[in-house]
Amino acid sequence: MTKAPMDAADIEADDSADRKVVEQEQDEIKDFVKGLSADDIKSGNWFTKLAAHAMNSYTKKVDWQYFQDRYTGVPADAIVDQRIKMAARYAALEGGLSAGAYTATVAATIGSLGGASPATVPAAAASMMVDVAFLSQLQLRLAYDISVLYRVPLDVNDPEDLWKLIRVAFTIKSGEAANKTVVKAVPALVRPLVKRFYSGSVLTAGRALPVVGKHLLQRNVIKIGIPLVGVPLAVLLNRYTTLLAGRHAQAVFRNEARVIEVAEGMTKRSRHPQLMLWVAWLVIRANNKIADDEALLMRHLVRLVQERHQVVDDQLAQLVDIDPAEVWERVEAESGDLSDILDAADRVATVDGDLDAREKAVISELRERCLHV
């Protein structure tokens with residue numbers, strides 16, 4: 001939402017103001033959907049176009065300073081919480097507005113789409129795509145906002161960062177079925193109905209879509225074709241999936257912010273930045289496993305050591321197996337106080353939780369060698 005929905009969080013808006021914001025954004029999404037061809041929808045290419053439409057101009061405007069100007073002195077957690085609630089409110093309102101336009105034939109209509117002309121997209125399919133595109137854009141921008149608020153660097157022009165944002169925004173996990181996500185997201189009262197809907201053949205049309213398009217189509221298509229509960233289910237499902245997406249993004253980016261904070265503290269305190277990198281990697285490899293938080297910490301340590309100390313260690317970068325003896329030689333080659341190295345080792349070992357036996361053994365030996373330097 002390029003302007004109004006994201007700025008509207010600055011005031012306590014009533015329902016009529018929120019509805020106006022949502023209707024304005026819906027009109028913009030309708031223009032976007034009019035530019036899609038039937039093949040765009042069926043192939044899933046609509047999502048590629050939406051990602052560009054949703055993020056290109058938005059990311060140029062929204063940065064950390066953007067939020068600081070509006071929420072001076074407010075902790076990130078408080079702002080994130082309010083923006084998640086705001087997004088869920090908009091999603092629910094839009095669900096109610098869109099659901100009235102749905103028909104039970106939409107899924108079958110999508111399955112029969114073909115051709116490159118936008119004019120070939122039936123009205124039933126177009127009404128559904130407005131809802132899917134609106135919700136997708138809302139959740140994508142919400143996740144981006146949360147990354148900015150926690151000061152987690154993301155470059156949406158970088159394919160790896162963009163894919164990370166997409167995975168976080170839509171809670172896509174490896175091997176996860178879209179229907180499981182939906183069932184968990186909706187209120188318990190309607191779960192049996194949702195499960196029965198998924199057991200039918202109504203989603204056959206979506207199986208040809210690429211992974212993201214398929215995921216988003218399946219997650220949204222259950223809001224149609226269920227007699228009597230279409231509108232309330234659309235409202236509830238939009239709200240719950242947006243809350244789910246927002247809380248997931250908060251958990252992911254807040255954790256990464258925590259790891260970055262650890263890396264920044266280690267780098268700032270270090271008097272031996274190059275040795276710190278070797279010791280950090282030795283501790284991480286102590287148990288022959290690399291936890292996600294450990295890999296994340298190492299990536300940010302390398303970046304920060306380069307930025308703050310102008311140290312780039314090509315030998316470490318090309319290393320396959322780390323030899324503890326080489327690290328001990330590097331430790332013994334230093335003189336003076338190595339308490340910063342011991343502190344760094346402790347922080348690396350605990351970044352993913354409690355120390356295990358092998359990590360404790362490495363740190364114990366490091367402590368002895370540091371004391372004899």
# chains A, B, ... in the order shown; residues from 1 in each chain; ligands from 1
>>> residues_around(residues="segment 76-84 of chain A", least_positions_apart="2", cutoff="10 Å", atoms="only C-alpha atoms", output="VMD selection string")
chain A and resid 5 to 6 8 to 10 67 to 68 71 73 to 74 86 to 90 139 142 to 143 145 to 151 242 to 247 249 to 250 254
>>> write_last_selection(atoms="N, CA and C atoms", output="compact mmCIF listing (two decimals), in the first residue's frame")
# COMPACT_ATOMS: atom_id res chain seq x y z
N PRO A 5 -2.61 3.48 3.41
CA PRO A 5 -2.72 2.46 4.45
C PRO A 5 -1.56 2.47 5.43
N MET A 6 -0.36 2.77 4.94
CA MET A 6 0.77 2.73 5.83
C MET A 6 0.87 4.00 6.68
N ALA A 8 -1.81 5.62 7.67
CA ALA A 8 -3.01 5.67 8.49
C ALA A 8 -2.77 5.16 9.90
N ALA A 9 -1.68 4.45 10.12
CA ALA A 9 -1.38 3.94 11.46
C ALA A 9 -1.04 5.07 12.42
N ASP A 10 -0.77 6.24 11.89
CA ASP A 10 -0.39 7.37 12.74
C ASP A 10 -1.57 7.90 13.55
N PHE A 67 10.02 5.61 9.41
CA PHE A 67 9.31 5.27 10.64
C PHE A 67 9.76 6.13 11.81
N GLN A 68 11.03 6.50 11.85
CA GLN A 68 11.51 7.35 12.93
C GLN A 68 10.83 8.71 12.92
N TYR A 71 7.37 7.88 14.44
CA TYR A 71 7.31 7.26 15.77
C TYR A 71 8.58 7.55 16.55
N GLY A 73 11.32 7.86 19.02
CA GLY A 73 11.55 7.35 20.36
C GLY A 73 10.75 6.13 20.75
N VAL A 74 9.89 5.62 19.86
CA VAL A 74 9.07 4.45 20.17
C VAL A 74 9.85 3.18 19.84
N MET A 86 -3.01 -3.24 12.41
CA MET A 86 -3.58 -2.39 11.37
C MET A 86 -3.75 -3.18 10.07
N ALA A 87 -2.72 -3.94 9.70
CA ALA A 87 -2.79 -4.73 8.47
C ALA A 87 -3.90 -5.77 8.55
N ALA A 88 -4.05 -6.40 9.72
CA ALA A 88 -5.12 -7.39 9.90
C ALA A 88 -6.49 -6.75 9.76
N ARG A 89 -6.61 -5.54 10.26
CA ARG A 89 -7.87 -4.81 10.15
C ARG A 89 -8.20 -4.50 8.68
N TYR A 90 -7.21 -4.04 7.95
CA TYR A 90 -7.43 -3.77 6.53
C TYR A 90 -7.76 -5.05 5.76
N GLN A 139 0.52 -8.23 2.77
CA GLN A 139 1.39 -9.05 3.61
C GLN A 139 2.85 -8.92 3.21
N LEU A 142 3.91 -5.61 4.65
CA LEU A 142 3.97 -5.72 6.11
C LEU A 142 5.27 -6.37 6.55
N ALA A 143 5.64 -7.46 5.89
CA ALA A 143 6.89 -8.15 6.22
C ALA A 143 8.08 -7.23 5.98
N ASP A 145 8.06 -3.92 6.09
CA ASP A 145 8.03 -2.92 7.17
C ASP A 145 8.69 -3.46 8.43
N ILE A 146 8.37 -4.71 8.76
CA ILE A 146 8.89 -5.31 9.99
C ILE A 146 10.41 -5.47 9.89
N SER A 147 10.91 -5.87 8.71
CA SER A 147 12.36 -5.99 8.54
C SER A 147 13.03 -4.63 8.71
N VAL A 148 12.41 -3.59 8.18
CA VAL A 148 12.97 -2.24 8.30
C VAL A 148 12.97 -1.79 9.76
N LEU A 149 11.87 -2.03 10.46
CA LEU A 149 11.76 -1.60 11.85
C LEU A 149 12.79 -2.28 12.74
N TYR A 150 13.11 -3.54 12.44
CA TYR A 150 14.13 -4.24 13.21
C TYR A 150 15.53 -4.05 12.63
N ARG A 151 15.60 -3.20 11.60
CA ARG A 151 16.87 -2.85 10.98
C ARG A 151 17.62 -4.07 10.44
N THR A 242 -3.34 -12.79 7.89
CA THR A 242 -2.50 -11.60 8.00
C THR A 242 -1.85 -11.52 9.38
N LEU A 243 -2.61 -11.82 10.43
CA LEU A 243 -2.01 -11.88 11.77
C LEU A 243 -0.92 -12.93 11.83
N LEU A 244 -1.19 -14.11 11.24
CA LEU A 244 -0.22 -15.19 11.21
C LEU A 244 1.05 -14.75 10.48
N ALA A 245 0.86 -14.12 9.32
CA ALA A 245 2.01 -13.66 8.53
C ALA A 245 2.80 -12.60 9.29
N GLY A 246 2.08 -11.67 9.92
CA GLY A 246 2.75 -10.61 10.66
C GLY A 246 3.53 -11.13 11.85
N ARG A 247 2.93 -12.03 12.61
CA ARG A 247 3.63 -12.59 13.78
C ARG A 247 4.83 -13.43 13.34
N ALA A 249 6.62 -12.94 10.57
CA ALA A 249 7.65 -11.99 10.14
C ALA A 249 8.31 -11.36 11.36
N GLN A 250 7.51 -11.05 12.38
CA GLN A 250 8.07 -10.46 13.60
C GLN A 250 9.06 -11.42 14.26
N ARG A 254 12.85 -10.26 14.16
CA ARG A 254 13.29 -9.88 15.51
C ARG A 254 14.46 -10.76 15.93
>>> residues_around(residues="Val259 of chain A", least_positions_apart="3", cutoff="9 Å", atoms="only C-alpha atoms", output="ChimeraX atom specification")
/A:254-256,262-264,293-294,296-297,300,351
>>> closest_residue(among="A:Glu329, A:Asp63, A:Asp292, A:Asp131", to="Asp352 of chain A", atoms="only C-alpha atoms")
A:Asp292
>>> atom_distance(atom1="atom CA of Lys360 of chain A", atom2="atom CA of Ile284 of chain A")
11.4 Å
>>> select_by_dssp(residues="segment 248-357 of chain A", states="alpha helix (DSSP H)", output="ChimeraX atom specification")
/A:248-269,273-284,292-309,314-317,324-332,339-350,357
>>> closest_residue(among="A:Val320, A:Ala361, A:Val305, A:Met55", to="Met266 of chain A", atoms="only C-alpha atoms")
A:Val305
>>> residues_around(residues="Val279 of chain A", least_positions_apart="4", cutoff="9 Å", atoms="only C-alpha atoms", output="PDB file with all heavy atoms, in the first residue's frame")
ATOM      1  N   GLN A 274      40.421 -10.370  13.454  1.00  0.00           N
ATOM      2  CA  GLN A 274      40.697 -11.519  12.590  1.00  0.00           C
ATOM      3  C   GLN A 274      40.720 -12.811  13.394  1.00  0.00           C
ATOM      4  O   GLN A 274      40.130 -13.825  12.989  1.00  0.00           O
ATOM      5  CB  GLN A 274      42.019 -11.326  11.855  1.00  0.00           C
ATOM      6  CG  GLN A 274      42.268 -12.392  10.779  1.00  0.00           C
ATOM      7  CD  GLN A 274      43.409 -12.016   9.854  1.00  0.00           C
ATOM      8  OE1 GLN A 274      44.198 -11.113  10.156  1.00  0.00           O
ATOM      9  NE2 GLN A 274      43.513 -12.687   8.716  1.00  0.00           N
ATOM     10  N   LEU A 275      41.376 -12.806  14.541  1.00  0.00           N
ATOM     11  CA  LEU A 275      41.396 -13.982  15.409  1.00  0.00           C
ATOM     12  C   LEU A 275      39.978 -14.323  15.873  1.00  0.00           C
ATOM     13  O   LEU A 275      39.624 -15.508  15.984  1.00  0.00           O
ATOM     14  CB  LEU A 275      42.305 -13.728  16.608  1.00  0.00           C
ATOM     15  CG  LEU A 275      42.391 -14.853  17.646  1.00  0.00           C
ATOM     16  CD1 LEU A 275      42.924 -16.136  17.009  1.00  0.00           C
ATOM     17  CD2 LEU A 275      43.277 -14.423  18.822  1.00  0.00           C
ATOM     18  N   VAL A 283      34.287 -22.577  17.191  1.00  0.00           N
ATOM     19  CA  VAL A 283      33.214 -22.885  18.135  1.00  0.00           C
ATOM     20  C   VAL A 283      31.976 -23.381  17.401  1.00  0.00           C
ATOM     21  O   VAL A 283      31.331 -24.356  17.813  1.00  0.00           O
ATOM     22  CB  VAL A 283      32.872 -21.644  18.985  1.00  0.00           C
ATOM     23  CG1 VAL A 283      31.644 -21.913  19.854  1.00  0.00           C
ATOM     24  CG2 VAL A 283      34.066 -21.256  19.869  1.00  0.00           C
ATOM     25  N   ILE A 284      31.632 -22.730  16.295  1.00  0.00           N
ATOM     26  CA  ILE A 284      30.456 -23.138  15.511  1.00  0.00           C
ATOM     27  C   ILE A 284      30.614 -24.557  14.989  1.00  0.00           C
ATOM     28  O   ILE A 284      29.664 -25.352  14.986  1.00  0.00           O
ATOM     29  CB  ILE A 284      30.216 -22.146  14.351  1.00  0.00           C
ATOM     30  CG1 ILE A 284      29.713 -20.803  14.902  1.00  0.00           C
ATOM     31  CG2 ILE A 284      29.226 -22.719  13.333  1.00  0.00           C
ATOM     32  CD1 ILE A 284      29.637 -19.699  13.867  1.00  0.00           C
ATOM     33  N   VAL A 327      44.138 -22.854  14.854  1.00  0.00           N
ATOM     34  CA  VAL A 327      43.523 -21.787  15.644  1.00  0.00           C
ATOM     35  C   VAL A 327      44.325 -21.561  16.922  1.00  0.00           C
ATOM     36  O   VAL A 327      44.574 -20.409  17.315  1.00  0.00           O
ATOM     37  CB  VAL A 327      42.061 -22.128  15.984  1.00  0.00           C
ATOM     38  CG1 VAL A 327      41.434 -21.007  16.823  1.00  0.00           C
ATOM     39  CG2 VAL A 327      41.247 -22.345  14.713  1.00  0.00           C
ATOM     40  N   TRP A 328      44.763 -22.649  17.568  1.00  0.00           N
ATOM     41  CA  TRP A 328      45.552 -22.494  18.797  1.00  0.00           C
ATOM     42  C   TRP A 328      46.879 -21.785  18.507  1.00  0.00           C
ATOM     43  O   TRP A 328      47.352 -20.990  19.336  1.00  0.00           O
ATOM     44  CB  TRP A 328      45.812 -23.851  19.447  1.00  0.00           C
ATOM     45  CG  TRP A 328      44.574 -24.641  19.784  1.00  0.00           C
ATOM     46  CD1 TRP A 328      44.409 -25.988  19.687  1.00  0.00           C
ATOM     47  CD2 TRP A 328      43.329 -24.131  20.292  1.00  0.00           C
ATOM     48  NE1 TRP A 328      43.156 -26.365  20.075  1.00  0.00           N
ATOM     49  CE2 TRP A 328      42.462 -25.240  20.466  1.00  0.00           C
ATOM     50  CE3 TRP A 328      42.860 -22.863  20.605  1.00  0.00           C
ATOM     51  CZ2 TRP A 328      41.168 -25.105  20.942  1.00  0.00           C
ATOM     52  CZ3 TRP A 328      41.558 -22.723  21.068  1.00  0.00           C
ATOM     53  CH2 TRP A 328      40.725 -23.827  21.239  1.00  0.00           C
ATOM     54  N   VAL A 331      46.106 -18.193  18.388  1.00  0.00           N
ATOM     55  CA  VAL A 331      45.888 -17.662  19.736  1.00  0.00           C
ATOM     56  C   VAL A 331      47.221 -17.421  20.431  1.00  0.00           C
ATOM     57  O   VAL A 331      47.458 -16.362  21.042  1.00  0.00           O
ATOM     58  CB  VAL A 331      45.019 -18.635  20.569  1.00  0.00           C
ATOM     59  CG1 VAL A 331      44.985 -18.210  22.037  1.00  0.00           C
ATOM     60  CG2 VAL A 331      43.608 -18.701  20.007  1.00  0.00           C
ATOM     61  N   ILE A 341      38.390 -12.242  23.163  1.00  0.00           N
ATOM     62  CA  ILE A 341      38.245 -13.487  22.403  1.00  0.00           C
ATOM     63  C   ILE A 341      37.438 -14.502  23.196  1.00  0.00           C
ATOM     64  O   ILE A 341      36.561 -15.200  22.643  1.00  0.00           O
ATOM     65  CB  ILE A 341      39.634 -14.067  22.036  1.00  0.00           C
ATOM     66  CG1 ILE A 341      40.371 -13.115  21.101  1.00  0.00           C
ATOM     67  CG2 ILE A 341      39.499 -15.445  21.406  1.00  0.00           C
ATOM     68  CD1 ILE A 341      39.679 -12.890  19.771  1.00  0.00           C
ATOM     69  N   LEU A 342      37.694 -14.607  24.501  1.00  0.00           N
ATOM     70  CA  LEU A 342      36.917 -15.509  25.348  1.00  0.00           C
ATOM     71  C   LEU A 342      35.447 -15.091  25.386  1.00  0.00           C
ATOM     72  O   LEU A 342      34.545 -15.936  25.299  1.00  0.00           O
ATOM     73  CB  LEU A 342      37.485 -15.509  26.774  1.00  0.00           C
ATOM     74  CG  LEU A 342      38.720 -16.381  27.015  1.00  0.00           C
ATOM     75  CD1 LEU A 342      39.300 -16.113  28.398  1.00  0.00           C
ATOM     76  CD2 LEU A 342      38.364 -17.854  26.856  1.00  0.00           C
ATOM     77  N   ALA A 344      33.863 -13.435  23.072  1.00  0.00           N
ATOM     78  CA  ALA A 344      33.288 -13.724  21.760  1.00  0.00           C
ATOM     79  C   ALA A 344      32.921 -15.197  21.637  1.00  0.00           C
ATOM     80  O   ALA A 344      31.852 -15.550  21.111  1.00  0.00           O
ATOM     81  CB  ALA A 344      34.280 -13.329  20.662  1.00  0.00           C
ATOM     82  N   ALA A 345      33.790 -16.076  22.128  1.00  0.00           N
ATOM     83  CA  ALA A 345      33.522 -17.511  22.058  1.00  0.00           C
ATOM     84  C   ALA A 345      32.266 -17.879  22.834  1.00  0.00           C
ATOM     85  O   ALA A 345      31.439 -18.684  22.371  1.00  0.00           O
ATOM     86  CB  ALA A 345      34.719 -18.291  22.581  1.00  0.00           C
ATOM     87  N   LEU A 366      40.234 -23.081  25.044  1.00  0.00           N
ATOM     88  CA  LEU A 366      40.554 -21.708  24.653  1.00  0.00           C
ATOM     89  C   LEU A 366      40.898 -20.869  25.883  1.00  0.00           C
ATOM     90  O   LEU A 366      41.860 -20.085  25.878  1.00  0.00           O
ATOM     91  CB  LEU A 366      39.368 -21.085  23.923  1.00  0.00           C
ATOM     92  CG  LEU A 366      39.485 -19.597  23.563  1.00  0.00           C
ATOM     93  CD1 LEU A 366      40.616 -19.368  22.557  1.00  0.00           C
ATOM     94  CD2 LEU A 366      38.157 -19.066  23.022  1.00  0.00           C
TER      95      LEU A 366
END
>>> residues_around(residues="His372 of chain A", least_positions_apart="2", cutoff="12 Å", atoms="only C-alpha atoms", output="count of residues only")
15
>>> residues_around(residues="Val312 of chain A", least_positions_apart="5", cutoff="10 Å", atoms="only C-alpha atoms", output="PyMOL selection string")
chain A and resi 274+302-303+305-307+317
>>> closest_residue(among="A:Asp39, A:Asp161, A:Asp15, A:Asp323", to="Leu93 of chain A", atoms="only C-alpha atoms")
A:Asp15
>>> atom_distance(atom1="atom CA of Arg19 of chain A", atom2="atom CA of Val235 of chain A")
13.3 Å
>>> closest_residue(among="A:Leu301, A:Leu97, A:Ser270, A:Val362", to="Gln26 of chain A", atoms="only C-alpha atoms")
A:Leu97
>>> atom_distance(atom1="atom CA of Lys164 of chain A", atom2="atom CA of Trp46 of chain A")
18.9 Å
